[in-house]
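So this block is protein34.cif, mmCIF, C-alpha atoms:
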```
data_protein
#
loop_
_atom_site.label_atom_id
_atom_site.label_comp_id
_atom_site.auth_asym_id
_atom_site.auth_seq_id
_atom_site.Cartn_x
_atom_site.Cartn_y
_atom_site.Cartn_z
CA MET A 939 0.12 -9.05 -28.56
CA SER A 940 2.57 -7.33 -30.80
CA ALA A 941 -0.15 -6.29 -33.22
CA ASN A 942 -2.31 -5.05 -30.35
CA SER A 943 0.61 -3.11 -28.90
CA ASP A 944 1.26 -1.49 -32.25
CA LYS A 945 -2.40 -0.50 -32.52
CA LEU A 946 -2.32 0.90 -29.00
CA GLY A 947 0.82 2.85 -29.79
CA VAL A 948 -0.71 4.33 -32.92
CA ALA A 949 -3.84 5.28 -30.98
CA ILE A 950 -1.81 7.00 -28.27
CA PHE A 951 0.28 8.85 -30.85
CA PHE A 952 -2.87 10.00 -32.67
CA PHE A 953 -4.45 11.20 -29.41
CA VAL A 954 -1.34 13.07 -28.34
CA THR A 955 -1.04 14.70 -31.75
CA LEU A 956 -4.69 15.73 -31.73
CA PHE A 957 -4.42 17.04 -28.16
CA SER A 958 -1.33 19.08 -29.01
CA ALA A 959 -2.97 20.57 -32.08
CA ALA A 960 -6.04 21.57 -30.09
CA PHE A 961 -4.43 22.70 -26.85
CA GLY A 962 -0.72 23.02 -27.51
CA ASP A 963 -0.75 26.80 -27.96
CA GLU A 964 -2.59 27.24 -24.67
CA ALA A 965 -0.07 25.10 -22.83
CA ARG A 966 2.91 26.70 -24.49
CA ASP A 967 1.74 30.26 -23.92
CA ALA A 968 0.07 29.84 -20.53
CA GLY A 969 2.68 32.01 -18.85
CA LYS A 970 2.71 34.71 -21.55
CA PHE A 971 -0.95 35.47 -21.97
CA PRO A 972 -3.08 37.40 -21.68
CA LEU A 973 -1.22 40.39 -23.11
CA VAL A 974 -2.27 44.00 -23.73
CA VAL A 975 -0.27 46.48 -25.83
CA SER A 976 -1.24 50.10 -26.54
CA THR A 977 0.15 53.21 -28.16
CA TRP A 978 1.29 55.84 -25.66
CA PRO A 979 1.20 55.79 -21.84
CA PHE A 980 -2.58 55.37 -21.75
CA LEU A 981 -2.26 53.49 -18.48
CA GLU A 982 -5.89 53.43 -17.41
CA ALA A 983 -6.97 52.17 -20.81
CA VAL A 984 -4.47 49.32 -20.65
CA ARG A 985 -5.54 48.50 -17.09
CA ALA A 986 -9.18 48.38 -18.16
CA ALA A 987 -8.36 46.03 -21.03
CA TRP A 988 -6.21 43.92 -18.71
CA ARG A 989 -8.94 43.56 -16.09
CA ALA A 990 -11.32 42.39 -18.78
CA VAL A 991 -9.04 39.87 -20.47
CA ASP A 992 -7.46 38.62 -17.24
CA GLY A 993 -10.98 38.04 -15.96
CA GLY A 994 -11.67 35.72 -18.85
CA LEU A 995 -13.27 37.98 -21.45
CA SER A 996 -12.35 37.64 -25.11
CA ALA A 997 -9.75 39.74 -26.89
CA VAL A 998 -12.51 41.62 -28.71
CA ASP A 999 -14.33 42.45 -25.46
CA ALA A 1000 -11.09 43.56 -23.81
CA VAL A 1001 -10.27 45.86 -26.72
CA VAL A 1002 -13.66 47.51 -26.32
CA GLU A 1003 -13.11 47.95 -22.58
CA GLY A 1004 -9.69 49.51 -23.08
CA CYS A 1005 -10.65 51.90 -25.85
CA SER A 1006 -13.87 52.86 -24.07
CA ALA A 1007 -11.87 53.81 -20.98
CA CYS A 1008 -9.69 56.07 -23.12
CA GLU A 1009 -12.74 57.66 -24.73
CA GLU A 1010 -14.30 58.35 -21.31
CA LEU A 1011 -11.04 59.78 -19.97
CA ARG A 1012 -10.46 61.78 -23.16
CA CYS A 1013 -6.86 60.57 -23.31
CA ASP A 1014 -4.58 63.49 -24.15
CA GLY A 1015 -7.66 65.32 -25.47
CA THR A 1016 -7.27 63.40 -28.72
CA VAL A 1017 -9.51 60.41 -27.97
CA GLY A 1018 -13.25 60.60 -27.32
CA PRO A 1019 -15.42 63.73 -27.21
CA GLY A 1020 -14.34 67.23 -26.39
CA GLY A 1021 -11.15 67.53 -28.44
CA SER A 1022 -9.68 68.11 -31.90
CA PRO A 1023 -12.25 70.50 -33.39
CA ASP A 1024 -12.47 70.67 -37.17
CA GLU A 1025 -12.53 73.90 -39.20
CA ASN A 1026 -16.14 74.42 -38.13
CA GLY A 1027 -15.39 73.81 -34.46
CA GLU A 1028 -17.07 70.39 -34.37
CA THR A 1029 -15.60 67.22 -32.86
CA THR A 1030 -16.21 63.93 -34.68
CA ILE A 1031 -15.14 60.36 -33.93
CA ASP A 1032 -13.23 57.70 -35.90
CA ALA A 1033 -12.92 54.16 -34.52
CA MET A 1034 -12.23 50.61 -35.65
CA ILE A 1035 -12.16 47.09 -34.24
CA MET A 1036 -10.78 43.91 -35.84
CA ASN A 1037 -11.19 40.28 -34.85
CA GLY A 1038 -7.96 38.47 -35.66
CA ILE A 1039 -9.67 35.07 -35.76
CA THR A 1040 -12.40 35.82 -38.30
CA MET A 1041 -10.73 38.89 -39.86
CA GLU A 1042 -14.01 40.75 -39.39
CA VAL A 1043 -13.75 44.53 -39.09
CA GLY A 1044 -16.19 47.16 -37.89
CA ALA A 1045 -15.52 50.88 -38.18
CA VAL A 1046 -17.11 54.30 -37.96
CA ALA A 1047 -15.68 57.46 -39.47
CA ALA A 1048 -16.46 61.16 -39.06
CA MET A 1049 -19.25 60.08 -36.69
CA ARG A 1050 -21.23 62.95 -35.19
CA TYR A 1051 -23.27 63.19 -31.99
CA VAL A 1052 -22.17 59.82 -30.51
CA SER A 1053 -19.14 59.60 -28.24
CA ASP A 1054 -18.84 55.80 -27.96
CA GLY A 1055 -16.68 55.22 -31.01
CA ILE A 1056 -15.33 51.76 -30.25
CA LYS A 1057 -18.74 50.43 -29.19
CA ALA A 1058 -20.27 51.79 -32.41
CA ALA A 1059 -17.51 50.08 -34.39
CA ARG A 1060 -18.24 46.76 -32.66
CA LEU A 1061 -21.94 47.15 -33.49
CA VAL A 1062 -21.02 47.56 -37.15
CA MET A 1063 -18.91 44.40 -36.98
CA GLN A 1064 -21.42 42.29 -35.07
CA HIS A 1065 -24.73 43.45 -36.53
CA THR A 1066 -24.06 44.36 -40.18
CA LYS A 1067 -22.42 42.79 -43.20
CA HIS A 1068 -20.56 46.07 -43.79
CA THR A 1069 -17.12 47.12 -42.63
CA MET A 1070 -17.56 50.88 -42.16
CA LEU A 1071 -20.31 53.43 -41.66
CA VAL A 1072 -19.64 57.16 -41.90
CA GLY A 1073 -20.89 60.57 -40.85
CA GLU A 1074 -24.35 61.26 -39.54
CA GLN A 1075 -25.63 57.94 -40.89
CA ALA A 1076 -23.15 56.16 -38.63
CA SER A 1077 -24.60 58.16 -35.73
CA ILE A 1078 -28.17 57.21 -36.63
CA PHE A 1079 -27.17 53.53 -36.77
CA ALA A 1080 -25.33 53.67 -33.44
CA ILE A 1081 -28.24 55.38 -31.66
CA SER A 1082 -30.74 52.95 -33.18
CA MET A 1083 -28.65 50.09 -31.76
CA GLY A 1084 -28.86 51.52 -28.26
CA LEU A 1085 -25.87 53.85 -27.80
CA PRO A 1086 -26.49 57.21 -26.11
CA GLY A 1087 -27.13 60.20 -28.34
CA PRO A 1088 -27.46 62.53 -30.04
CA LYS A 1089 -25.24 64.80 -27.99
CA ASN A 1090 -22.81 67.64 -28.53
CA LEU A 1091 -19.26 66.24 -28.71
CA SER A 1092 -17.61 69.63 -28.24
CA SER A 1093 -16.29 70.91 -24.92
CA GLU A 1094 -15.37 74.30 -23.51
CA ASP A 1095 -11.73 73.50 -24.20
CA SER A 1096 -12.31 72.48 -27.82
CA ILE A 1097 -14.45 75.54 -28.53
CA GLU A 1098 -11.86 77.84 -26.94
CA LYS A 1099 -9.13 76.21 -29.01
CA TRP A 1100 -11.19 76.71 -32.16
CA LYS A 1101 -11.90 80.39 -31.35
CA ASN A 1102 -8.19 81.08 -30.86
CA TRP A 1103 -7.44 79.37 -34.16
CA LYS A 1104 -9.98 81.60 -35.91
CA LYS A 1105 -8.33 84.64 -34.36
CA ASN A 1106 -5.04 83.43 -35.83
CA LYS A 1107 -6.54 83.63 -39.33
CA CYS A 1108 -7.22 79.88 -39.34
CA GLN A 1109 -3.55 78.98 -39.33
CA PRO A 1110 -2.18 76.39 -39.50
CA ASN A 1111 -4.55 74.33 -41.59
CA PHE A 1112 -4.56 71.33 -43.90
CA ARG A 1113 -5.20 73.05 -47.21
CA LYS A 1114 -2.64 73.43 -49.99
CA ASN A 1115 -2.40 75.08 -53.40
CA VAL A 1116 -5.37 77.31 -52.60
CA MET A 1117 -6.16 81.00 -52.17
CA PRO A 1118 -8.59 82.23 -49.48
CA ILE A 1119 -11.17 84.86 -50.29
CA ASP A 1120 -10.61 86.10 -46.74
CA ASP A 1121 -8.47 84.88 -43.85
CA CYS A 1122 -10.53 81.73 -43.23
CA GLY A 1123 -11.91 80.99 -46.66
CA PRO A 1124 -13.82 80.02 -48.60
CA TYR A 1125 -10.89 78.70 -50.61
CA ARG A 1126 -10.34 78.38 -54.32
CA PRO A 1127 -7.60 76.64 -56.30
CA GLU A 1128 -4.69 78.98 -56.96
CA SER A 1129 -5.19 78.74 -60.70
CA SER A 1130 -8.68 80.23 -60.39
CA SER A 1131 -7.24 83.52 -59.10
CA LYS A 1132 -6.87 84.67 -62.70
CA LEU A 1133 -10.49 83.93 -63.56
CA GLY A 1134 -12.28 86.66 -61.68
CA GLY A 1135 -12.03 89.56 -59.29
CA GLY A 1136 -12.39 89.58 -55.56
CA ILE A 1137 -9.92 86.77 -54.88
CA CYS A 1138 -6.79 87.52 -52.91
CA LEU A 1139 -3.75 87.68 -55.19
CA ASN A 1140 -1.23 86.72 -52.53
CA THR A 1141 0.88 83.95 -54.09
CA LYS A 1142 1.75 82.27 -50.79
CA THR A 1143 0.22 78.82 -50.42
CA THR A 1144 -2.10 78.53 -47.45
CA GLY A 1145 -1.58 75.53 -45.23
CA LEU A 1146 1.00 72.85 -44.64
CA ASP A 1147 3.73 71.02 -46.43
CA GLU A 1148 2.98 67.81 -48.33
CA SER A 1149 3.04 65.54 -45.32
CA GLY A 1150 1.14 67.89 -43.03
CA SER A 1151 3.39 66.86 -40.17
CA SER A 1152 4.22 70.37 -39.02
CA VAL A 1153 1.06 70.41 -36.91
CA PHE A 1154 1.12 66.79 -35.74
CA ASN A 1155 2.26 66.14 -32.22
CA LEU A 1156 1.20 64.20 -29.17
CA HIS A 1157 -1.34 66.75 -27.98
CA ASN A 1158 -3.16 67.75 -31.17
CA HIS A 1159 -3.42 64.50 -33.05
CA ASP A 1160 -3.22 61.05 -31.62
CA THR A 1161 -4.86 57.66 -31.61
CA ILE A 1162 -5.22 54.91 -29.09
CA SER A 1163 -4.37 51.75 -30.97
CA LEU A 1164 -4.70 48.76 -28.71
CA ALA A 1165 -3.96 45.04 -29.21
CA VAL A 1166 -5.04 42.21 -26.94
CA ILE A 1167 -4.08 38.55 -26.89
CA ASP A 1168 -6.49 36.65 -24.66
CA LYS A 1169 -5.97 33.47 -22.64
CA LEU A 1170 -6.78 31.33 -25.68
CA GLY A 1171 -4.18 33.11 -27.79
CA HIS A 1172 -6.84 34.90 -29.84
CA ILE A 1173 -5.91 38.39 -31.00
CA ALA A 1174 -7.97 41.54 -31.57
CA VAL A 1175 -7.13 45.19 -32.15
CA GLY A 1176 -9.03 48.44 -31.87
CA THR A 1177 -8.55 52.16 -32.34
CA SER A 1178 -10.31 55.36 -31.38
CA THR A 1179 -9.54 59.00 -32.12
CA ASN A 1180 -11.19 62.35 -32.66
CA GLY A 1181 -8.77 63.03 -35.49
CA ALA A 1182 -6.51 65.88 -36.45
CA THR A 1183 -7.11 69.27 -34.88
CA PHE A 1184 -8.57 71.80 -37.37
CA LYS A 1185 -9.06 69.13 -40.04
CA ILE A 1186 -11.22 69.94 -43.04
CA PRO A 1187 -14.79 68.83 -42.22
CA GLY A 1188 -15.40 65.35 -43.59
CA ARG A 1189 -11.78 64.27 -43.29
CA VAL A 1190 -11.20 60.65 -42.32
CA GLY A 1191 -7.76 59.69 -41.10
CA ASP A 1192 -6.13 56.31 -40.67
CA GLY A 1193 -7.92 55.53 -37.39
CA PRO A 1194 -10.81 53.55 -38.89
CA ILE A 1195 -8.75 52.00 -41.71
CA ALA A 1196 -7.88 48.35 -41.12
CA GLY A 1197 -4.25 47.76 -42.05
CA SER A 1198 -3.27 51.36 -41.41
CA SER A 1199 -3.96 52.24 -37.75
CA ALA A 1200 -4.14 48.60 -36.66
CA TYR A 1201 -4.27 45.05 -37.97
CA ALA A 1202 -4.53 41.60 -36.41
CA ASP A 1203 -4.24 37.99 -37.49
CA THR A 1204 -4.30 35.39 -34.73
CA ASP A 1205 -2.04 33.15 -36.83
CA VAL A 1206 0.67 35.84 -36.90
CA GLY A 1207 0.30 38.79 -34.52
CA ALA A 1208 -0.84 42.40 -34.43
CA CYS A 1209 0.20 45.99 -35.02
CA GLY A 1210 -0.92 49.43 -33.86
CA ALA A 1211 0.03 52.81 -35.32
CA THR A 1212 -0.27 56.50 -34.51
CA GLY A 1213 0.83 59.77 -36.06
CA ASP A 1214 0.27 61.55 -39.38
CA GLY A 1215 -2.60 59.39 -40.55
CA ASP A 1216 -3.04 61.13 -43.89
CA THR A 1217 0.45 60.04 -44.85
CA MET A 1218 0.54 56.70 -43.06
CA MET A 1219 -2.69 55.37 -44.55
CA ARG A 1220 -1.11 55.52 -48.01
CA PHE A 1221 1.25 52.74 -46.94
CA LEU A 1222 -0.98 50.48 -44.78
CA PRO A 1223 1.91 50.10 -42.34
CA CYS A 1224 0.18 47.70 -39.93
CA TYR A 1225 -0.80 45.34 -42.72
CA GLN A 1226 2.82 45.51 -43.84
CA VAL A 1227 4.05 44.70 -40.33
CA VAL A 1228 1.82 41.66 -39.91
CA GLU A 1229 2.66 40.31 -43.35
CA SER A 1230 6.38 40.81 -42.69
CA MET A 1231 6.04 38.84 -39.46
CA ARG A 1232 4.14 36.14 -41.36
CA LEU A 1233 7.21 35.77 -43.57
CA GLY A 1234 9.41 35.29 -40.51
CA MET A 1235 10.55 38.82 -39.67
CA GLU A 1236 10.89 39.63 -35.97
CA PRO A 1237 8.56 42.36 -34.61
CA LYS A 1238 11.36 44.91 -34.21
CA LEU A 1239 12.57 44.58 -37.79
CA ALA A 1240 9.01 44.46 -39.13
CA ALA A 1241 8.14 47.72 -37.37
CA GLN A 1242 11.36 49.42 -38.48
CA ASP A 1243 10.84 48.30 -42.06
CA ALA A 1244 7.29 49.66 -42.21
CA ILE A 1245 8.37 53.03 -40.81
CA ALA A 1246 11.34 53.20 -43.18
CA ARG A 1247 9.09 52.63 -46.21
CA ILE A 1248 7.15 55.77 -45.29
CA ALA A 1249 10.15 57.89 -44.28
CA ARG A 1250 11.92 57.27 -47.60
CA LYS A 1251 9.01 58.91 -49.42
CA TYR A 1252 8.06 61.45 -46.73
CA PRO A 1253 11.17 62.27 -44.69
CA ASP A 1254 9.30 64.87 -42.61
CA PHE A 1255 6.42 62.65 -41.57
CA VAL A 1256 5.71 61.93 -37.90
CA GLY A 1257 4.54 58.49 -36.84
CA ALA A 1258 5.08 55.36 -34.81
CA ILE A 1259 4.22 51.66 -34.74
CA PHE A 1260 4.18 48.85 -32.23
CA ALA A 1261 4.33 45.23 -33.36
CA VAL A 1262 3.56 42.08 -31.38
CA ASN A 1263 3.74 38.54 -32.67
CA LYS A 1264 1.56 35.61 -31.67
CA ASN A 1265 4.16 34.54 -29.09
CA GLY A 1266 3.88 37.86 -27.26
CA ILE A 1267 7.19 39.35 -28.41
CA HIS A 1268 6.70 43.09 -28.91
CA ALA A 1269 8.69 46.06 -30.21
CA GLY A 1270 8.25 49.58 -31.55
CA ALA A 1271 9.61 51.92 -34.19
CA CYS A 1272 9.08 55.62 -34.86
CA HIS A 1273 10.05 58.57 -37.01
CA GLY A 1274 9.96 62.29 -36.23
CA TRP A 1275 9.23 61.95 -32.52
CA THR A 1276 10.04 59.84 -29.49
CA PHE A 1277 7.37 57.19 -29.08
CA GLN A 1278 6.10 55.36 -26.02
CA TYR A 1279 3.89 52.30 -25.87
CA SER A 1280 2.38 50.47 -22.91
CA VAL A 1281 2.32 46.75 -22.09
CA ARG A 1282 0.67 44.55 -19.47
CA SER A 1283 1.43 40.84 -19.19
CA PRO A 1284 1.15 38.18 -16.47
CA ASP A 1285 4.73 38.67 -15.29
CA MET A 1286 4.18 42.41 -14.65
CA ALA A 1287 2.80 43.89 -11.45
CA ASP A 1288 1.31 46.78 -13.42
CA VAL A 1289 1.48 48.43 -16.83
CA GLU A 1290 5.00 49.07 -18.10
CA VAL A 1291 5.89 51.81 -20.57
CA TYR A 1292 8.52 51.31 -23.26
CA THR A 1293 10.29 54.24 -24.91
CA VAL A 1294 11.38 54.11 -28.55
CA ILE A 1295 13.89 56.56 -30.00
CA PRO A 1296 13.60 57.44 -33.72
CA GLU A 1297 16.34 56.04 -35.92
CA MET A 1298 17.95 57.43 -39.04
CA VAL A 1299 16.49 56.02 -42.25
CA ALA A 1300 18.92 54.96 -44.95
CA GLU A 1301 18.41 56.59 -48.32
#
```
Give the structure from this file in structure tokens form.
Amino acid sequence: MSANSDKLGVAIFFFVTLFSAAFGDEARDAGKFPLVVSTWPFLEAVRAAWRAVDGGLSAVDAVVEGCSACEELRCDGTVGPGGSPDENGETTIDAMIMNGITMEVGAVAAMRYVSDGIKAARLVMQHTKHTMLVGEQASIFAISMGLPGPKNLSSEDSIEKWKNWKKNKCQPNFRKNVMPIDDCGPYRPESSSKLGGGICLNTKTTGLDESGSSVFNLHNHDTISLAVIDKLGHIAVGTSTNGATFKIPGRVGDGPIAGSSAYADTDVGACGATGDGDTMMRFLPCYQVVESMRLGMEPKLAAQDAIARIARKYPDFVGAIFAVNKNGIHAGACHGWTFQYSVRSPDMADVEVYTVIPEMVAE
């Protein structure tokens, strides 16, 4: 009997251990998840993602629902069609989605003629072995896979904004160390002004400072970066943006770059970012945040650390981050502006908005 009891005890222990390994996270986190976190007070986008994930859809599907809602609503005029014209007056789309279980990523960049950025990104992830498609070829792929297009992504507002910019001699812009032949180009490197006639000899540099942050603010450059933890504890992130207003045609910001605008690992957590993408993508701040959390850093400190790394090199940059770990603890950090991010969880009656004040960065 004693031997049989011992065998029974071992069997029960093995079963309990196996059950806990398979289902323990679900039991432990049943009251915390699902969870949706997004940059900015994009309330309808968060609600759309929440309806999807609370209804039982996966984190990936909920990310698509949330970002698609923002694209359709043209959140702040900086997501979806009809905003942020480039130097030629055209609106293009950058988007990315990442599955935190498989680490698969799909992205489109500088995509023309197709407004469904996040859906195109998911098609890249699900139906190709690539990570990113760009430009008109991304559009051809998206349309061939069933998305609507081609269509004009400009709007009356974006065209009017572009015309006023042209009247202002194409200022401000994103060029540096160049001389324009006329007010709006074409441009040549400053050093070439000595090589021939006809080039303006004004020695003033056209454009912005090194970081480019003097034209970045909430209403002319922004990204929805959205993270979802579903009922199984699986994590996904996605982003969508129409980029920086009056960008040089062909420019790709941080929006479609995994590790910069967003990053997810179901074993650790997720991060979303927004701001001066040209500067931020040099530091992969969301990859940094997730790896810091992997090493045991709390979300707040991980977000602050990633922002501080950028600010020490570019003290004038403008940007923000939210971080959320696999247990649903979230926090934000920012530099150069006051940042808000939105959250929906089971213990909330509706979306709640958190405000983050920028902190001084130690030298």
*Can you list what the PyMOL selection byres ((chain A and resi 1040) around 10) grabs from this structure, as an MDAnalysis selection string?*
chainID A and resid 1036:1039 1041:1043 1174 1202:1204
*asked:* Residues near Asp1054 of chain A, anyone? I mean within 10 Å using all atoms listed in the file, not counting same-chain ones fewer than 4 positions away, as an MDAnalysis selection string.
replied: chainID A and resid 1002 1005:1006 1009:1010 1018:1019 1031:1033 1049 1058:1059 1077 1080 1085:1087 1178
*Any chance you could work out the residue set of the PyMOL selection byres ((chain A and resi 1116) around 8) here, as a VMD selection string?*
chain A and resid 1113 to 1115 1117 to 1118 1125 to 1128 1143 to 1144
Find the residues near Ser976 of chain A: any atom within 7 Å, counting only C-alpha atoms, skip ones fewer than 2 places away on the same chain, and give them as a compact mmCIF listing (two decimals) with C-alpha atoms, in the frame of the given file.
```
# COMPACT_ATOMS: atom_id res chain seq x y z
CA VAL A 974 -2.27 44.00 -23.73
CA TRP A 978 1.29 55.84 -25.66
CA VAL A 984 -4.47 49.32 -20.65
CA ILE A 1162 -5.22 54.91 -29.09
CA SER A 1163 -4.37 51.75 -30.97
CA LEU A 1164 -4.70 48.76 -28.71
CA ALA A 1165 -3.96 45.04 -29.21
CA TYR A 1279 3.89 52.30 -25.87
CA SER A 1280 2.38 50.47 -22.91
CA VAL A 1281 2.32 46.75 -22.09
```
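As for atom CA of Leu1233 of chain A and atom CA of Val1175 of chain A, they are spaced 20.6 Å apart.
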*Using the chain letters and residue numbers of this document, give as a ChimeraX atom specification the residues selected by the PyMOL selection byres ((chain A and resi 1183) around 8).*
/A:1021-1024,1158-1159,1181-1182,1184-1185
*Using only C-alpha atoms, pick whichever of A:Glu1028, A:Asp1285, A:Asp1214, A:Asp1095 has the shortest atom-to-atom distance to Ile1259 of chain A.*
A:Asp1214
_Just to confirm, what's the straight-line distance from atom CA of Met1218 of chain A to atom CA of Pro972 of chain A in Å (one decimal)?_
29.0 Å
*Select all residues near (5.2, 44.7, -33.6) (cut-off 9 Å, inclusive, file coordinates), counting only C-alpha atoms, and output them as a PyMOL selection string.*
chain A and resi 1207-1210+1224+1227-1228+1231+1236-1241+1259-1263+1267-1271
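Here atom CA of Tyr1292 of chain A and atom CA of Lys1057 of chain A stand 27.9 Å from one another.
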Counting all atoms listed in the file, what are the residues of segment 1165-1195 of chain A within 12 Å of segment 1066-1071 of chain A, and for each of them which pair of atoms is the nearest and at what distance in Å, to one decimal? Sort the table by chain and rising number, as a tab-separated table.
```
residue	atom	partner	partner_atom	distance
A:Val1190	CA	A:Leu1071	CA	11.6
A:Gly1193	CA	A:Met1070	CA	11.7
A:Pro1194	CA	A:Met1070	CA	8.0
A:Ile1195	CA	A:Met1070	CA	8.9
```
*Pick from A:Ala987, A:Ala1076, A:Lys1169, A:Glu1098: nearest to Val1062 of chain A, with only C-alpha atoms counted?*
A:Ala1076
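If only C-alpha atoms are the atoms counted, then among A:Gly1274, A:Ser1053, A:Thr1293, A:Tyr1201 the closest residue to Val1166 of chain A is A:Tyr1201.
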As JSON: centre and edge lengths in Å, one decimal, of the axis-aligned box holding segment 1035-1039 of chain A with 3 Å per side:
```
{"center_x": -10.1, "center_y": 41.1, "center_z": -35.0, "size_x": 10.2, "size_y": 18.0, "size_z": 7.6}
```
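Minimum atom-to-atom distances from A:Ser1198, A:Gln1278, A:Thr1161, A:Thr1177 to Met1219 of chain A were compared using all atoms listed in the file, and the lowest value belongs to A:Ser1198.
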Would you kindly identify which residues have an atom no farther than 8 Å from (-23.4, 60.2, -37.0), using all atoms listed in the file and the file's own coordinates, and write them out as a compact mmCIF listing (two decimals) with C-alpha atoms, in the frame of the given file?
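Output file part.txt is given in full below:
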```txt
# COMPACT_ATOMS: atom_id res chain seq x y z
CA ALA A 1048 -16.46 61.16 -39.06
CA MET A 1049 -19.25 60.08 -36.69
CA ARG A 1050 -21.23 62.95 -35.19
CA TYR A 1051 -23.27 63.19 -31.99
CA VAL A 1052 -22.17 59.82 -30.51
CA VAL A 1072 -19.64 57.16 -41.90
CA GLY A 1073 -20.89 60.57 -40.85
CA GLU A 1074 -24.35 61.26 -39.54
CA GLN A 1075 -25.63 57.94 -40.89
CA ALA A 1076 -23.15 56.16 -38.63
CA SER A 1077 -24.60 58.16 -35.73
CA ILE A 1078 -28.17 57.21 -36.63
CA PHE A 1079 -27.17 53.53 -36.77
CA ALA A 1080 -25.33 53.67 -33.44
```
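With all atoms listed in the file as the basis for measurement, A:Gly1044 is the residue among A:Gly1266, A:Pro1110, A:Gly1044, A:Gly1213 that approaches Val998 of chain A most closely.
Compared by their closest atoms to Phe971 of chain A, and using only C-alpha atoms, the residues A:Arg1220, A:Val991, A:Gln1064, A:Glu1094 rank with A:Val991 nearest.
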